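Structure file protein.tsv with TSV, C-alpha atoms:
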```
chain	number	residue	atom	x	y	z
A	311	MET	CA	-132.69	-69.79	130.17
A	312	LEU	CA	-129.47	-71.76	129.67
A	313	SER	CA	-130.62	-72.91	126.24
A	314	LEU	CA	-131.41	-69.35	125.22
A	315	PHE	CA	-127.95	-68.21	126.34
A	316	LEU	CA	-126.24	-70.99	124.36
A	317	ILE	CA	-128.32	-70.39	121.24
A	318	THR	CA	-127.62	-66.65	121.35
A	319	VAL	CA	-123.86	-67.05	121.82
A	320	PHE	CA	-123.54	-69.70	119.09
A	321	LEU	CA	-125.56	-67.58	116.63
A	322	ILE	CA	-123.57	-64.41	117.36
A	323	ILE	CA	-120.25	-66.23	116.88
A	324	SER	CA	-121.63	-67.83	113.71
A	325	LEU	CA	-122.60	-64.42	112.33
A	326	VAL	CA	-119.13	-63.06	113.08
A	327	HIS	CA	-117.60	-65.94	111.11
A	328	CYS	CA	-120.02	-65.25	108.22
A	329	TYR	CA	-118.92	-61.60	108.29
A	330	TRP	CA	-115.28	-62.66	108.05
A	331	ALA	CA	-116.02	-65.15	105.27
A	332	LEU	CA	-117.73	-62.41	103.28
A	333	GLY	CA	-114.63	-60.22	103.49
A	334	GLY	CA	-115.04	-58.36	106.77
A	335	THR	CA	-111.82	-57.51	108.55
A	336	VAL	CA	-112.80	-56.03	111.92
A	337	GLY	CA	-111.51	-58.30	114.65
A	338	MET	CA	-109.76	-60.66	112.26
A	339	GLY	CA	-106.30	-59.67	113.50
A	340	ALA	CA	-107.12	-61.03	116.96
A	341	ALA	CA	-108.83	-64.21	115.76
A	342	VAL	CA	-105.84	-66.27	114.61
A	343	PRO	CA	-102.88	-67.39	116.76
A	344	GLU	CA	-99.60	-65.65	115.91
A	345	VAL	CA	-95.89	-66.37	116.22
A	346	ASP	CA	-93.43	-63.50	115.83
A	347	GLY	CA	-96.25	-61.25	114.60
A	348	LYS	CA	-97.25	-63.63	111.78
A	349	PRO	CA	-100.46	-65.69	111.77
A	350	LEU	CA	-100.00	-69.45	112.15
A	351	PHE	CA	-102.43	-69.98	109.27
A	352	GLN	CA	-104.61	-68.04	106.84
A	353	PRO	CA	-108.26	-69.04	107.31
A	354	SER	CA	-109.91	-69.78	103.98
A	355	ARG	CA	-113.33	-68.44	103.07
A	356	THR	CA	-114.64	-72.01	102.82
A	357	GLY	CA	-113.17	-73.02	106.17
A	358	THR	CA	-114.57	-69.93	107.86
A	359	LEU	CA	-118.02	-70.63	106.39
A	360	MET	CA	-117.77	-74.23	107.60
A	361	VAL	CA	-117.03	-73.00	111.13
A	362	ALA	CA	-119.99	-70.60	110.87
A	363	GLY	CA	-122.22	-73.48	109.75
A	364	ALA	CA	-121.03	-75.72	112.57
A	365	LEU	CA	-121.77	-72.97	115.10
A	366	ALA	CA	-125.24	-72.41	113.62
A	367	LEU	CA	-125.89	-76.17	113.76
A	368	SER	CA	-124.79	-76.12	117.40
A	369	ALA	CA	-127.41	-73.45	118.10
A	370	LEU	CA	-130.01	-75.55	116.27
A	371	ALA	CA	-129.08	-78.66	118.27
A	372	VAL	CA	-129.50	-76.77	121.54
A	373	ALA	CA	-132.85	-75.40	120.34
A	374	LEU	CA	-134.06	-78.86	119.35
A	375	HIS	CA	-132.79	-80.55	122.49
A	376	GLY	CA	-135.69	-79.46	124.67
A	377	HIS	CA	-138.33	-80.31	122.07
A	378	LEU	CA	-137.31	-83.81	121.01
A	379	SER	CA	-138.12	-85.82	124.11
A	380	ARG	CA	-140.61	-88.02	122.24
A	381	PHE	CA	-138.60	-88.60	119.11
A	382	TRP	CA	-135.84	-91.10	118.31
A	383	LEU	CA	-133.57	-88.19	117.36
A	384	ALA	CA	-133.51	-86.96	120.97
A	385	GLU	CA	-130.77	-89.37	122.03
A	386	THR	CA	-128.66	-88.50	118.99
A	387	VAL	CA	-128.92	-84.77	119.74
A	388	ARG	CA	-128.11	-85.44	123.39
A	389	TRP	CA	-124.94	-87.34	122.47
A	390	GLY	CA	-124.06	-84.61	119.99
A	391	LEU	CA	-124.37	-81.97	122.71
A	392	LEU	CA	-122.22	-84.06	125.05
A	393	ALA	CA	-119.57	-84.37	122.33
A	394	LEU	CA	-119.76	-80.65	121.54
A	395	GLY	CA	-119.44	-79.84	125.24
A	396	ALA	CA	-116.33	-82.01	125.47
A	397	VAL	CA	-114.84	-80.33	122.39
A	398	MET	CA	-115.51	-76.88	123.83
A	399	LEU	CA	-113.90	-77.84	127.15
A	400	LEU	CA	-110.85	-79.21	125.33
A	401	ARG	CA	-110.61	-75.98	123.30
A	402	GLY	CA	-110.74	-73.97	126.51
A	403	ILE	CA	-107.98	-76.05	128.08
A	404	GLY	CA	-105.98	-75.87	124.85
A	405	GLU	CA	-103.09	-77.64	123.22
A	406	PHE	CA	-100.51	-76.11	125.61
A	407	ARG	CA	-98.69	-74.03	122.98
A	408	TYR	CA	-100.84	-71.50	121.09
A	409	VAL	CA	-104.44	-71.77	122.35
A	410	GLY	CA	-106.18	-72.40	125.65
A	411	LEU	CA	-105.67	-71.33	129.23
A	412	PHE	CA	-102.47	-73.32	129.54
A	413	LYS	CA	-100.71	-72.02	126.39
A	414	SER	CA	-97.02	-71.15	126.49
A	415	VAL	CA	-97.07	-68.46	123.77
A	416	ARG	CA	-98.68	-65.47	125.47
A	417	ASP	CA	-97.24	-62.36	123.83
A	418	SER	CA	-99.61	-61.77	120.91
A	419	ARG	CA	-102.92	-59.98	120.57
A	420	PHE	CA	-104.64	-63.32	119.98
A	421	ALA	CA	-103.00	-64.85	123.07
A	422	ARG	CA	-104.15	-62.00	125.30
A	423	ASN	CA	-107.71	-62.19	123.95
A	424	ASP	CA	-107.63	-65.97	124.21
A	425	THR	CA	-106.71	-65.77	127.89
A	426	ARG	CA	-109.28	-63.07	128.68
A	427	PHE	CA	-112.21	-64.04	126.47
A	428	TYR	CA	-112.00	-67.00	124.08
A	429	SER	CA	-110.84	-69.78	126.43
A	430	PRO	CA	-113.09	-68.81	129.36
A	431	LEU	CA	-116.03	-68.59	126.95
A	432	CYS	CA	-115.21	-72.04	125.58
A	433	LEU	CA	-115.04	-73.45	129.11
A	434	LEU	CA	-118.36	-71.83	129.99
A	435	LEU	CA	-120.01	-73.09	126.80
A	436	GLY	CA	-118.58	-76.58	127.31
A	437	ALA	CA	-119.73	-76.82	130.91
A	438	SER	CA	-123.16	-75.43	129.98
A	439	LEU	CA	-123.58	-77.91	127.13
A	440	LEU	CA	-122.60	-80.84	129.34
A	441	PHE	CA	-125.02	-79.67	132.03
A	442	LEU	CA	-127.82	-79.22	129.50
A	443	ALA	CA	-127.29	-82.60	127.88
A	444	TRP	CA	-126.76	-84.50	131.10
```

Show the structure stored in the file as structure tokens.
Amino acid sequence: MLSLFLITVFLIISLVHCYWALGGTVGMGAAVPEVDGKPLFQPSRTGTLMVAGALALSALAVALHGHLSRFWLAETVRWGLLALGAVMLLRGIGEFRYVGLFKSVRDSRFARNDTRFYSPLCLLLGASLLFLAW
């Protein structure tokens, strides 16, 4: 059940990034940290597709994890899931300025969504991945 949850979430987020990379704009205004109403960076199409690919590969790794117990690749996937879980936890905690639960800039649309949705989701995904891989 946990694997199915992780696969579903990673694939949905991957599809959203593909939508943005192909020119979609819905939700884009709340997806990038802002300072004084201006985005900190402009995501490139290539970068957005790379994030989508990484998220899809994360879903694939979770899907493979339960079916690789007899193969040499199992330990590699396990370590990859542990690393991904750590990265997701770090993203949820944040860099103490613009992203994460402990950010200092809190007065933008992104910051509000990050506090309500993005960071808690990252913490949940990180903890779930660590539990699954452990």

So, counting all atoms listed in the file, which residue among A:Thr335, A:Ser414, A:Ser313, A:Ser368 is closest to Leu442 in chain A? A:Ser313

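We find CA of Leu400 in chain A and CA of Thr425 in chain A to be spaced 14.3 Å apart.
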
Counting all atoms listed in the file, which residues come within 12 Å of (-108.6, -61.1, 110.1), with the point read in the file's coordinates, and could you list them as a VMD selection string? chain A and resid 326 to 327 329 to 344 348 to 349 351 to 355 358 419 to 420

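With distances restricted to only C-alpha atoms, A:Gly436 is the closest residue to Gly395 in chain A from A:Thr356, A:Gly436, A:Gly410, A:Gly363.
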
Calculate how many Å separate CA of Val409 in chain A from CA of Asp424 in chain A, rounding to one decimal. 6.9 Å

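The space separating CA of Tyr408 in chain A from CA of Leu394 in chain A comes to 21.0 Å.
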
Show me, as a PyMOL selection string, the residues that have an atom within 9 Å of Leu374 in chain A when counting only C-alpha atoms, minus same-chain residues fewer than 4 positions from it. chain A and resi 369-370+378+384+387

Counting all atoms listed in the file, what is within 12 Å of His375 in chain A, bar same-chain residues fewer than 2 positions away, as JSON, numbers by chain? {"A": [312, 313, 314, 316, 317, 367, 368, 369, 370, 371, 372, 373, 377, 378, 379, 380, 381, 382, 383, 384, 385, 386, 387, 388, 389, 390, 391, 392, 439, 442, 443, 444]}

Expected file: the selected residues, C-alpha atoms, as a compact mmCIF listing (two decimals), in the coordinates of the input:
```txt
# COMPACT_ATOMS: atom_id res chain seq x y z
CA LEU A 312 -129.47 -71.76 129.67
CA SER A 313 -130.62 -72.91 126.24
CA LEU A 314 -131.41 -69.35 125.22
CA LEU A 316 -126.24 -70.99 124.36
CA ILE A 317 -128.32 -70.39 121.24
CA LEU A 367 -125.89 -76.17 113.76
CA SER A 368 -124.79 -76.12 117.40
CA ALA A 369 -127.41 -73.45 118.10
CA LEU A 370 -130.01 -75.55 116.27
CA ALA A 371 -129.08 -78.66 118.27
CA VAL A 372 -129.50 -76.77 121.54
CA ALA A 373 -132.85 -75.40 120.34
CA HIS A 377 -138.33 -80.31 122.07
CA LEU A 378 -137.31 -83.81 121.01
CA SER A 379 -138.12 -85.82 124.11
CA ARG A 380 -140.61 -88.02 122.24
CA PHE A 381 -138.60 -88.60 119.11
CA TRP A 382 -135.84 -91.10 118.31
CA LEU A 383 -133.57 -88.19 117.36
CA ALA A 384 -133.51 -86.96 120.97
CA GLU A 385 -130.77 -89.37 122.03
CA THR A 386 -128.66 -88.50 118.99
CA VAL A 387 -128.92 -84.77 119.74
CA ARG A 388 -128.11 -85.44 123.39
CA TRP A 389 -124.94 -87.34 122.47
CA GLY A 390 -124.06 -84.61 119.99
CA LEU A 391 -124.37 -81.97 122.71
CA LEU A 392 -122.22 -84.06 125.05
CA LEU A 439 -123.58 -77.91 127.13
CA LEU A 442 -127.82 -79.22 129.50
CA ALA A 443 -127.29 -82.60 127.88
CA TRP A 444 -126.76 -84.50 131.10
```
